[in-house]
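Heads up: the structure comes next, in C-alpha cells.
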2 protein chains.
Amino acid sequence: MRIVVLAGGIGGARFLRGLKVAAPDAEITVIGNTGDDITLFGLRVCPDLDTVMYTLGGGINEEQGWGRADETFSVRAELVGYSVGPSWFTLGDRDFATHIVRTQMLDAGYPLSAVTAALCERWRPGVRLIPMSDDRVETHVVIAGDDVAGDVSGVSGVSEKAAGSGGQAGPAGGRSAPASRRAIHFQEWWVRLHASVPAESITAVGAEDAKPAPGVLEAIESADFVLLPPSNPVVSVGTILAVPGIRAAVEAKKVIGISPIIGGAPVRGMADACLSAIGVETSARAVAAHYGPRLLDGWLVDTADADAAGPDVDGIAVRARPLLMTDVTAAADIAAAALELAHEPT
Amino acid sequence: MRIVVLAGGIGGARFLRGLKVAAPDAEITVIGNTGDDITLFGLRVCPDLDTVMYTLGGGINEEQGWGRADETFSVRAELVGYSVGPSWFTLGDRDFATHIVRTQMLDAGYPLSAVTAALCERWRPGVRLIPMSDDRVETHVVIAGDDVAGDVSGVSGVSEKAAGSGGQAGPAGGRSAPASRRAIHFQEWWVRLHASVPAESITAVGAEDAKPAPGVLEAIESADFVLLPPSNPVVSVGTILAVPGIRAAVEAKKVIGISPIIGGAPVRGMADACLSAIGVETSARAVAAHYGPRLLDGWLVDTADADAAGPDVDGIAVRARPLLMTDVTAAADIAAAALELAHEPT
C-alpha cells in the first residue's frame with residue numbers, strides 16, 4: 001500500500017505517528033509544507049519538516065509538540081546578550097544544530113529535498129519526507145500597516161547590521177502610514193502576534209513559480225490514495241496545494257481528509273484566524289466544502305461535528321468519530337478510520 | 001599614551017588584561033591575528049579575536065584560556081548525532097552564538113572589522129580591537145602527505161555533503177601518495193594533530209594580497225610605541241607582520257617584545273614546532289634575533305633565560321624578569337616592565 005500525506009507541523013506529525021502504527025507495511029511519502037520556513041540568524045529554519053522529522057524520529061519535545069526534547073537554550077541567551085533578534089522566535093541549542101547543518105548544505109548547493117533526506121538519515125522517520133518544493137515559497141500575511149510597530153530584528157546596532165543579511169521576517173522597524181497595509185512573514189504573524197491582528201489576506205509568495213520537489217508528483221501518481229491530516233487547511237495543506245502541479249495530481253487520486261476543526265474550533269493553533277482570512281467559516285463542514293469535492297473523496301469529522309456536517313458534504317463521504325489525538329493509540333485509531341474510509345468503494 | 005599591541009590568542013589576551021591594569025589611562029589598540037580563522041559548519045570562527053574579546057570582556061573560560069565560561073555543548077552533541085565533522089574542533093553553545101552573529105553580519109556584507117566592533121559593543125573589552133585585515137588570510141601548514149589520513153569533515157554522507165560548502169580545513173579524505181606534501185589548515189595541524197607532525201613550512205595564504213583593516217596603519221602611526229605580547233612569534237605576531245604595510249609601520253616605531261619562550265620552551269602551546277618549521281631555535285634569544293633589531297627595540301626575557309640571552313641581542317635592549325603570567329597581577333607587573341623599557345631612552 002502506497003500512501004501520500006500532505007503534512008504541516010504538529011497535527012500532521014502526530015497523525016503520521018498514528019498512521020505508521022495503523023499501516024505498518026505501507027510505503028508512506030510525506031510531502032511537507034515549507035511555506036512556514038524562515039531564515040533566522042542567517043540560518044534556514046523549516047519548522048514543519050523538522051516537526052515531522054523529530055516526531056517520527058523520537059526527538060520531539062512531546063509536551064509542546066515542536067522543538068527538541070531535553071533542549072538547552074545557551075545560544076538563545078547569547079543572542080539576547082548581543083541584542084540580536086528576533087527574540088520572539090525561540091530556537092533551542094539542539095534545534096540550532098539542525099539549522100546549522102541544513103544551512104551549510106544549502107550553501108554548498110544541495111537542494112532542500114537532498115538536505116532533508118540527509119537529515120533523515122539520522123532520524124530514520126520511517127517515512128519518505130520530501131519538501132513540497134526546493135524553491136523558496138514563503139507565506140506572508142497582509143495586515144493593517146499600523147497594527148504593528150516593527151520589532152522584527154531586535155534593538156541594537158549589531159542586530160540592525162545582522163538583519164541586513166536578508167531573509168528576515170518583513171520590513172524591520174518601519175511604521176507605515178495609518179490605514180496602509182503591510183505584508184509580514186507568516187511566522188511573525190503566527191508566533192510574534194499570535195495571529196491576534198486580523199489577516200486581510202494570506203499569500204504563499206513564490207508559490208506560482210515553484211516546482212514540486214523531485215519525487216513529489218511521482219509519489220502522488222503512484223499512491224493508492226492521499227491523506228490530508230488534521231493540518232491547517234490554509235497555511236499548511238493549502239500552501240502545498242498551491243505549488244503548481246500538486247493540486248491536479250492530488251485531485252486525480254482518492255483523497256481522505258481528517259478535519260482539523262473539532263466542535264467548531266481548531267484543536268490547536270489558530271486555524272480559525274487563517275480560515276477567516278480566506279472567508280471560510282471555522283467548521284468541519286466549511287473546511288470540507290473549501291477543499292471541495294474535486295479534491296476530497298472522504299472526510300473524517302469529530303462526533304461533536306457530526307450533526308453540523310450532515311451525512312455528506314457536496315458528494316464527499318463524511319464519517320464521524322472521535323478525532324482528538326490524545327496519544328499515539330488515539331492517532332492510530334483515527335488513521336485506521338481514514339484507511340477504512342479510503343477503502344470504501346466510491 | 002597610545003599603545004598598539006599585536007596580539008594572538010591566550011598569551012596576548014592575558015598580557016592585555018595586565019596592560020589595562022598597568023596603564024589604565026592608555027588608549028590601547030589591539031591588532032588581532034586572523035590567520036587562525038576557519039570556517040566550520042558554515043560559520044566563521046575567529047579564535048584569536050574571540051579570545052581577546054572574551055578575556056577582556058569577562059566571558060572567558062579562565063581555566064582553559066579560550067572559549068566561554070559556563071559553556072554548554074548541546075549543538076556539538078547534535079552535530080555528532082548528524083555525523084557532521086570535524087569533530088576535533090570543539091565549539092560550545094555560547095561560542096556558537098558569536099560565530100552565528102559574525103557569519104550573519106559577514107553574509108550581509110559587513111567587513112570583519114565592522115563585525116568585530118559590533119561584537120565588542122557587547123563585550124566592552126576596554127581596548128579597540130581591530131583584525132589585522134578584512135581580507136581572508138589563512139595560515140596553512142605543509143606536512144608530508146601520508147602522515148595524515150584525512151578525517152577533516154567526519155564520516156557520513158551528511159558530512160561529506162556539508163563539507164562541500166568550502167572553507168573547510170584542507171582536502172578531506174585524500175590520502176596522497178607517499179612522500180608527497182599536503183597543505184592543511186593551521187587549525188587541523190594545531191588542534192587535530194597537536195603539531196605532532198613536523199611542519200615543513202608554514203604559510204599565511206592570502207597575506208601578500210591582504211590590506212590592513214581600516215584603522216590599523218593609522219593606529220600604529222599615531223602610537224607612542226608598539227608591544228609584542230608573548231604570543232606565537234610565527235603564526236600570531238608573524239602573520240600580522242606578513243600583511244603588507246604593517247611591518248614597515250611597526251618598524252618605524254619603538255617596539256618592545258615580551259618573550260613567549262621561558263626556560264627554552266614555550267609557556268603554552270607548541271610554538272617550538274612553529275619555530276623549528278622556520279628554522280629558528282626555541283630560545284628567547286633566537287626569537288629576539290628572528291624579530292631582529294629593525295623591528296625590536298627592547299626585549300623582555302624571563303630570569304631563567306637571562307644568561308642565554310646575554311645582556312643585549314644585536315643592539316636590542318634586553319631586560320630579564322619573571323615572565324610567568326600566573327594571574328592578572330603578574331601580567332600587570334610584566335606589562336609595567338614593558339612600559340618601563342619602552343620609556344627608557346634609546
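Letters A, B, ... go to the chains of the C-alpha cells in the order shown; residues in each chain start at 1; ligands are counted from 1 in the same order.
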**Those in range 60-309 of chain A with strand (DSSP E or B) from DSSP, as a VMD selection string** = chain A and resid 60 68 84 128 to 131 133 138 to 144 154 181 to 185 201 to 205 212 225 to 228 255 to 258 261 to 262 265 to 266 298 to 301
**Item:** At most 7 Å to chain A: residues in chain B, only C-alpha atoms, as a VMD selection string
**Value:** chain B and resid 41 to 42 72 74 to 75 78 to 79 82 93 to 94 96 to 97 100 to 101 104 to 105 107 to 108 118 122 158 161 to 162 164 to 165
Residues from the last selection, N, CA and C atoms, saved as a compact mmCIF listing (two decimals), in the first residue's frame:
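File written: again_14.txt
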```txt
# COMPACT_ATOMS: atom_id res chain seq x y z
N PHE B 41 31.34 24.30 9.97
CA PHE B 41 29.89 24.16 9.96
C PHE B 41 29.23 25.37 9.28
N GLY B 42 29.95 25.94 8.32
CA GLY B 42 29.42 27.10 7.62
C GLY B 42 29.51 28.40 8.39
N THR B 72 27.97 25.28 27.52
CA THR B 72 27.25 24.02 27.32
C THR B 72 27.59 23.50 25.91
N SER B 74 25.44 21.40 23.69
CA SER B 74 24.32 20.72 23.03
C SER B 74 24.47 20.70 21.51
N VAL B 75 24.87 21.82 20.94
CA VAL B 75 24.99 21.88 19.48
C VAL B 75 26.01 20.85 19.01
N GLU B 78 24.74 17.38 18.96
CA GLU B 78 23.84 17.15 17.82
C GLU B 78 24.60 16.99 16.52
N LEU B 79 25.66 17.79 16.35
CA LEU B 79 26.45 17.67 15.13
C LEU B 79 27.07 16.28 15.06
N TYR B 82 24.48 14.00 13.90
CA TYR B 82 24.33 14.06 12.44
C TYR B 82 25.58 13.56 11.72
N ASP B 93 28.14 25.99 22.96
CA ASP B 93 26.92 26.66 22.51
C ASP B 93 27.04 28.19 22.58
N ARG B 94 27.58 28.70 23.67
CA ARG B 94 27.70 30.16 23.80
C ARG B 94 28.62 30.71 22.73
N PHE B 96 29.18 29.31 19.85
CA PHE B 96 28.47 29.20 18.57
C PHE B 96 27.68 30.47 18.29
N ALA B 97 27.07 31.03 19.32
CA ALA B 97 26.25 32.23 19.11
C ALA B 97 27.09 33.36 18.52
N ILE B 100 27.61 32.61 14.93
CA ILE B 100 26.36 32.80 14.18
C ILE B 100 26.16 34.28 13.88
N VAL B 101 26.34 35.12 14.89
CA VAL B 101 26.15 36.56 14.69
C VAL B 101 27.19 37.08 13.70
N GLN B 104 26.37 35.93 10.14
CA GLN B 104 25.21 36.64 9.60
C GLN B 104 25.62 38.03 9.12
N MET B 105 26.46 38.71 9.91
CA MET B 105 26.88 40.05 9.51
C MET B 105 27.83 40.00 8.30
N ASP B 107 27.84 37.75 5.98
CA ASP B 107 27.00 37.44 4.82
C ASP B 107 26.22 38.66 4.37
N ALA B 108 25.94 39.55 5.33
CA ALA B 108 25.21 40.77 4.99
C ALA B 108 26.13 41.79 4.34
N ALA B 118 31.17 45.55 16.28
CA ALA B 118 29.79 45.33 16.74
C ALA B 118 29.76 44.32 17.89
N ARG B 122 29.08 44.64 22.80
CA ARG B 122 28.58 43.89 23.94
C ARG B 122 29.67 43.67 24.98
N VAL B 158 26.01 12.96 5.22
CA VAL B 158 25.64 14.33 5.57
C VAL B 158 26.89 15.18 5.62
N LYS B 161 28.52 15.93 2.29
CA LYS B 161 27.75 16.93 1.57
C LYS B 161 27.96 18.30 2.19
N ALA B 162 27.89 18.34 3.51
CA ALA B 162 28.03 19.63 4.18
C ALA B 162 29.39 20.23 3.92
N GLY B 164 31.04 20.31 1.46
CA GLY B 164 31.15 20.94 0.16
C GLY B 164 31.04 22.45 0.21
N SER B 165 30.65 22.99 1.35
CA SER B 165 30.42 24.43 1.43
C SER B 165 31.70 25.22 1.39
```
**Asked** Near Val30 in chain B, within 7 Å and counting only C-alpha atoms, which residues show up once chain neighbours fewer than 2 positions away are dropped, as a PyMOL selection string?
**Response** chain B and resi 4-7+28+32+127-130
Output all heavy atoms for every residue in the selection just made, as an mmCIF file, in the first residue's frame.
```
data_model
loop_
_atom_site.group_PDB
_atom_site.id
_atom_site.type_symbol
_atom_site.label_atom_id
_atom_site.label_comp_id
_atom_site.auth_asym_id
_atom_site.auth_seq_id
_atom_site.Cartn_x
_atom_site.Cartn_y
_atom_site.Cartn_z
ATOM 1 N N VAL B 4 49.920 50.346 20.802
ATOM 2 C CA VAL B 4 49.400 49.331 19.885
ATOM 3 C C VAL B 4 49.993 47.988 20.285
ATOM 4 O O VAL B 4 51.190 47.894 20.576
ATOM 5 C CB VAL B 4 49.747 49.667 18.417
ATOM 6 C CG1 VAL B 4 49.619 48.427 17.520
ATOM 7 C CG2 VAL B 4 48.847 50.775 17.901
ATOM 8 N N VAL B 5 49.154 46.967 20.332
ATOM 9 C CA VAL B 5 49.596 45.620 20.672
ATOM 10 C C VAL B 5 49.208 44.678 19.528
ATOM 11 O O VAL B 5 48.053 44.690 19.080
ATOM 12 C CB VAL B 5 48.943 45.144 21.991
ATOM 13 C CG1 VAL B 5 49.410 43.734 22.348
ATOM 14 C CG2 VAL B 5 49.245 46.122 23.130
ATOM 15 N N LEU B 6 50.166 43.911 19.047
ATOM 16 C CA LEU B 6 49.871 42.895 18.021
ATOM 17 C C LEU B 6 49.617 41.573 18.746
ATOM 18 O O LEU B 6 50.540 41.005 19.322
ATOM 19 C CB LEU B 6 51.047 42.716 17.056
ATOM 20 C CG LEU B 6 51.701 43.966 16.440
ATOM 21 C CD1 LEU B 6 52.697 43.546 15.344
ATOM 22 C CD2 LEU B 6 50.664 44.931 15.867
ATOM 23 N N ALA B 7 48.382 41.116 18.721
ATOM 24 C CA ALA B 7 48.044 40.014 19.626
ATOM 25 C C ALA B 7 47.574 38.759 18.916
ATOM 26 O O ALA B 7 46.811 38.806 17.944
ATOM 27 C CB ALA B 7 46.966 40.453 20.603
ATOM 28 N N ILE B 28 44.500 51.919 24.124
ATOM 29 C CA ILE B 28 45.128 50.695 23.613
ATOM 30 C C ILE B 28 44.403 50.201 22.372
ATOM 31 O O ILE B 28 43.182 50.007 22.388
ATOM 32 C CB ILE B 28 45.114 49.583 24.691
ATOM 33 C CG1 ILE B 28 45.839 50.061 25.961
ATOM 34 C CG2 ILE B 28 45.749 48.296 24.152
ATOM 35 C CD1 ILE B 28 45.658 49.133 27.167
ATOM 36 N N GLY B 32 44.574 42.247 15.925
ATOM 37 C CA GLY B 32 44.426 40.820 16.190
ATOM 38 C C GLY B 32 44.760 39.955 14.988
ATOM 39 O O GLY B 32 44.423 40.291 13.844
ATOM 40 N N VAL B 127 39.574 48.024 25.100
ATOM 41 C CA VAL B 127 40.592 48.331 24.096
ATOM 42 C C VAL B 127 39.861 48.429 22.765
ATOM 43 O O VAL B 127 38.712 47.998 22.651
ATOM 44 C CB VAL B 127 41.669 47.211 23.988
ATOM 45 C CG1 VAL B 127 42.375 47.001 25.317
ATOM 46 C CG2 VAL B 127 41.039 45.902 23.492
ATOM 47 N N ARG B 128 40.541 49.013 21.780
ATOM 48 C CA ARG B 128 39.982 48.973 20.435
ATOM 49 C C ARG B 128 40.560 47.745 19.756
ATOM 50 O O ARG B 128 41.777 47.646 19.596
ATOM 51 C CB ARG B 128 40.351 50.247 19.681
ATOM 52 C CG ARG B 128 39.741 50.303 18.308
ATOM 53 C CD ARG B 128 39.967 51.656 17.638
ATOM 54 N NE ARG B 128 39.504 51.632 16.275
ATOM 55 C CZ ARG B 128 40.089 52.293 15.278
ATOM 56 N NH1 ARG B 128 41.133 53.048 15.520
ATOM 57 N NH2 ARG B 128 39.604 52.213 14.057
ATOM 58 N N LEU B 129 39.707 46.803 19.400
ATOM 59 C CA LEU B 129 40.162 45.543 18.808
ATOM 60 C C LEU B 129 39.903 45.568 17.305
ATOM 61 O O LEU B 129 38.747 45.677 16.876
ATOM 62 C CB LEU B 129 39.430 44.361 19.459
ATOM 63 C CG LEU B 129 39.711 42.966 18.894
ATOM 64 C CD1 LEU B 129 41.175 42.577 19.043
ATOM 65 C CD2 LEU B 129 38.820 41.926 19.587
ATOM 66 N N ILE B 130 40.971 45.498 16.524
ATOM 67 C CA ILE B 130 40.843 45.516 15.061
ATOM 68 C C ILE B 130 41.506 44.262 14.500
ATOM 69 O O ILE B 130 42.644 43.955 14.853
ATOM 70 C CB ILE B 130 41.559 46.742 14.429
ATOM 71 C CG1 ILE B 130 41.296 48.023 15.219
ATOM 72 C CG2 ILE B 130 41.134 46.920 12.980
ATOM 73 C CD1 ILE B 130 42.006 49.251 14.631
#
```
**Prompt:** Could you pull the residues within 7 Å of Val52 in chain B, counting only C-alpha atoms, minus those fewer than 4 positions along the same chain, as number ranges by chain?
**Reply:** B: 9, 13, 48, 56
**Request:** Extract, using only C-alpha atoms, all DNA, RNA and protein residues at most 10 Å from range 274-280 of chain B, discarding same-chain residues fewer than 2 positions from it, and format them as a list in words.
**Result:**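 Close residues of range 274-280 of chain B: Val141, Val142, Trp190, Ala195, Pro198, Ala199, Glu200, Ser201, Ile202, Asn232, Pro233, Val234, Val235, Gly269, Met270, Ala271, Asp272, Thr282, Ser283, Ala286, Val287, Ala289 and His290 of chain B.
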**Asn33 in chain B surroundings by only C-alpha atoms, 8 Å radius, close-in-sequence under 4 positions cut, as JSON, numbers by chain** = {"B": [6, 7, 8, 48, 49, 131, 132, 236, 237, 239, 240]}
**Asked** Neighbours of range 21-24 of chain B within 6 Å (only C-alpha atoms; same-chain residues fewer than 3 positions away dropped), as an NGL selection string?
**Response** :B and (18 or 332 or 336)
Residues as selected, C-alpha atoms, written as a CSV table (one decimal), in the first residue's frame, can you do that?
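The resulting file, result.csv, is reproduced below:
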```csv
chain,number,residue,atom,x,y,z
B,18,GLY,CA,47.6,43.1,32.7
B,332,ALA,CA,50.2,43.7,35.1
B,336,ALA,CA,54.6,47.6,33.7
```
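CA of Ala213 in chain B is positioned 22.6 Å from CA of Tyr291 in chain B.
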**Asked** If you run DSSP on this backbone, which residues of range 32-244 of chain A come out as helix (DSSP H, G or I), and could you give them as an NGL selection string?
**Response** :A and (47-57 or 74-81 or 93-107 or 112-123 or 157-163 or 186-192 or 207-209 or 216-221 or 237-241)
Since we have the selection now, will you write its residues out, keeping C-alpha atoms, as a PDB file, in the first residue's frame?
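Result file follows (part-v5.pdb):
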```
ATOM      1  CA  PRO A  47       9.536  24.219  11.192  1.00  0.00           C
ATOM      2  CA  ASP A  48       7.102  21.784   9.590  1.00  0.00           C
ATOM      3  CA  LEU A  49       9.706  19.455   8.093  1.00  0.00           C
ATOM      4  CA  ASP A  50      11.541  19.386  11.418  1.00  0.00           C
ATOM      5  CA  THR A  51       8.413  18.723  13.443  1.00  0.00           C
ATOM      6  CA  VAL A  52       7.629  15.715  11.264  1.00  0.00           C
ATOM      7  CA  MET A  53      11.253  14.531  11.383  1.00  0.00           C
ATOM      8  CA  TYR A  54      11.655  14.971  15.131  1.00  0.00           C
ATOM      9  CA  THR A  55       8.241  13.492  15.950  1.00  0.00           C
ATOM     10  CA  LEU A  56       8.662  10.378  13.834  1.00  0.00           C
ATOM     11  CA  GLY A  57      12.348  10.077  14.761  1.00  0.00           C
ATOM     12  CA  SER A  74      22.537  28.772  25.619  1.00  0.00           C
ATOM     13  CA  VAL A  75      22.726  30.092  22.065  1.00  0.00           C
ATOM     14  CA  ARG A  76      19.485  31.972  22.511  1.00  0.00           C
ATOM     15  CA  ALA A  77      20.715  33.562  25.738  1.00  0.00           C
ATOM     16  CA  GLU A  78      23.852  34.743  23.967  1.00  0.00           C
ATOM     17  CA  LEU A  79      21.918  36.169  21.029  1.00  0.00           C
ATOM     18  CA  VAL A  80      19.925  38.159  23.558  1.00  0.00           C
ATOM     19  CA  GLY A  81      23.276  39.187  25.064  1.00  0.00           C
ATOM     20  CA  ASP A  93      20.557  24.602  21.040  1.00  0.00           C
ATOM     21  CA  ARG A  94      19.775  21.130  19.700  1.00  0.00           C
ATOM     22  CA  ASP A  95      17.420  22.614  17.166  1.00  0.00           C
ATOM     23  CA  PHE A  96      20.072  25.153  16.149  1.00  0.00           C
ATOM     24  CA  ALA A  97      22.355  22.267  15.169  1.00  0.00           C
ATOM     25  CA  THR A  98      19.780  21.061  12.635  1.00  0.00           C
ATOM     26  CA  HIS A  99      19.554  24.528  11.119  1.00  0.00           C
ATOM     27  CA  ILE A 100      23.340  24.860  11.044  1.00  0.00           C
ATOM     28  CA  VAL A 101      23.714  21.569   9.166  1.00  0.00           C
ATOM     29  CA  ARG A 102      20.860  22.439   6.810  1.00  0.00           C
ATOM     30  CA  THR A 103      22.231  25.894   6.050  1.00  0.00           C
ATOM     31  CA  GLN A 104      25.713  24.562   5.443  1.00  0.00           C
ATOM     32  CA  MET A 105      24.363  22.053   2.929  1.00  0.00           C
ATOM     33  CA  LEU A 106      22.092  24.603   1.234  1.00  0.00           C
ATOM     34  CA  ASP A 107      25.047  26.982   0.944  1.00  0.00           C
ATOM     35  CA  LEU A 112      16.305  21.306   0.287  1.00  0.00           C
ATOM     36  CA  SER A 113      14.993  17.876  -0.715  1.00  0.00           C
ATOM     37  CA  ALA A 114      18.531  16.443  -0.633  1.00  0.00           C
ATOM     38  CA  VAL A 115      19.233  18.203   2.653  1.00  0.00           C
ATOM     39  CA  THR A 116      16.039  16.820   4.153  1.00  0.00           C
ATOM     40  CA  ALA A 117      16.929  13.312   3.005  1.00  0.00           C
ATOM     41  CA  ALA A 118      20.383  13.679   4.573  1.00  0.00           C
ATOM     42  CA  LEU A 119      18.956  14.896   7.889  1.00  0.00           C
ATOM     43  CA  CYS A 120      16.504  11.985   7.828  1.00  0.00           C
ATOM     44  CA  GLU A 121      19.424   9.555   7.535  1.00  0.00           C
ATOM     45  CA  ARG A 122      19.926  10.314  11.185  1.00  0.00           C
ATOM     46  CA  TRP A 123      16.305  10.450  12.297  1.00  0.00           C
ATOM     47  CA  GLY A 157      23.282  48.140  16.216  1.00  0.00           C
ATOM     48  CA  VAL A 158      24.514  44.570  15.953  1.00  0.00           C
ATOM     49  CA  SER A 159      21.020  43.455  15.255  1.00  0.00           C
ATOM     50  CA  GLU A 160      20.294  46.060  12.649  1.00  0.00           C
ATOM     51  CA  LYS A 161      23.504  45.168  10.872  1.00  0.00           C
ATOM     52  CA  ALA A 162      22.869  41.468  11.134  1.00  0.00           C
ATOM     53  CA  ALA A 163      19.349  41.872   9.831  1.00  0.00           C
ATOM     54  CA  PHE A 186       3.730  34.158   8.437  1.00  0.00           C
ATOM     55  CA  GLN A 187       5.918  33.390  11.446  1.00  0.00           C
ATOM     56  CA  GLU A 188       5.837  36.992  12.569  1.00  0.00           C
ATOM     57  CA  TRP A 189       2.057  36.968  12.457  1.00  0.00           C
ATOM     58  CA  TRP A 190       1.725  33.495  13.962  1.00  0.00           C
ATOM     59  CA  VAL A 191       4.449  33.419  16.598  1.00  0.00           C
ATOM     60  CA  ARG A 192       5.041  37.056  17.434  1.00  0.00           C
ATOM     61  CA  ALA A 207       4.323  29.533  -4.978  1.00  0.00           C
ATOM     62  CA  GLU A 208       3.200  30.256  -8.529  1.00  0.00           C
ATOM     63  CA  ASP A 209       6.767  29.947  -9.788  1.00  0.00           C
ATOM     64  CA  VAL A 216       6.601  14.702  -5.239  1.00  0.00           C
ATOM     65  CA  LEU A 217       4.447  14.209  -8.332  1.00  0.00           C
ATOM     66  CA  GLU A 218       5.749  10.681  -8.859  1.00  0.00           C
ATOM     67  CA  ALA A 219       4.826   9.748  -5.290  1.00  0.00           C
ATOM     68  CA  ILE A 220       1.308  11.142  -5.684  1.00  0.00           C
ATOM     69  CA  GLU A 221       0.817   9.449  -9.040  1.00  0.00           C
ATOM     70  CA  VAL A 237      -2.227  21.867   3.214  1.00  0.00           C
ATOM     71  CA  GLY A 238      -3.351  24.921   1.239  1.00  0.00           C
ATOM     72  CA  THR A 239       0.221  26.035   0.652  1.00  0.00           C
ATOM     73  CA  ILE A 240       1.309  22.598  -0.534  1.00  0.00           C
ATOM     74  CA  LEU A 241      -1.639  22.544  -2.947  1.00  0.00           C
TER      75      LEU A 241
END
```
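Among the candidate residues B:Glu344, B:Glu63, B:Asp36, B:Asp327, the one lying nearest to Val205 in chain B is B:Asp36, with distances computed using only C-alpha atoms.
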**Item:** Point-to-point distance in Å for CA of Arg136 in chain A and CA of Leu295 in chain A
**Value:**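 Atom-to-atom, CA of Leu295 in chain A to CA of Arg136 in chain A, that is 25.0 Å.
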**Request:** For CA of Leu19 in chain A and CA of Gly58 in chain A, determine how far apart the two atoms are, in Å to one decimal place.
**Result:**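 If I compute the distance from CA of Leu19 in chain A to CA of Gly58 in chain A, I get 15.3 Å.
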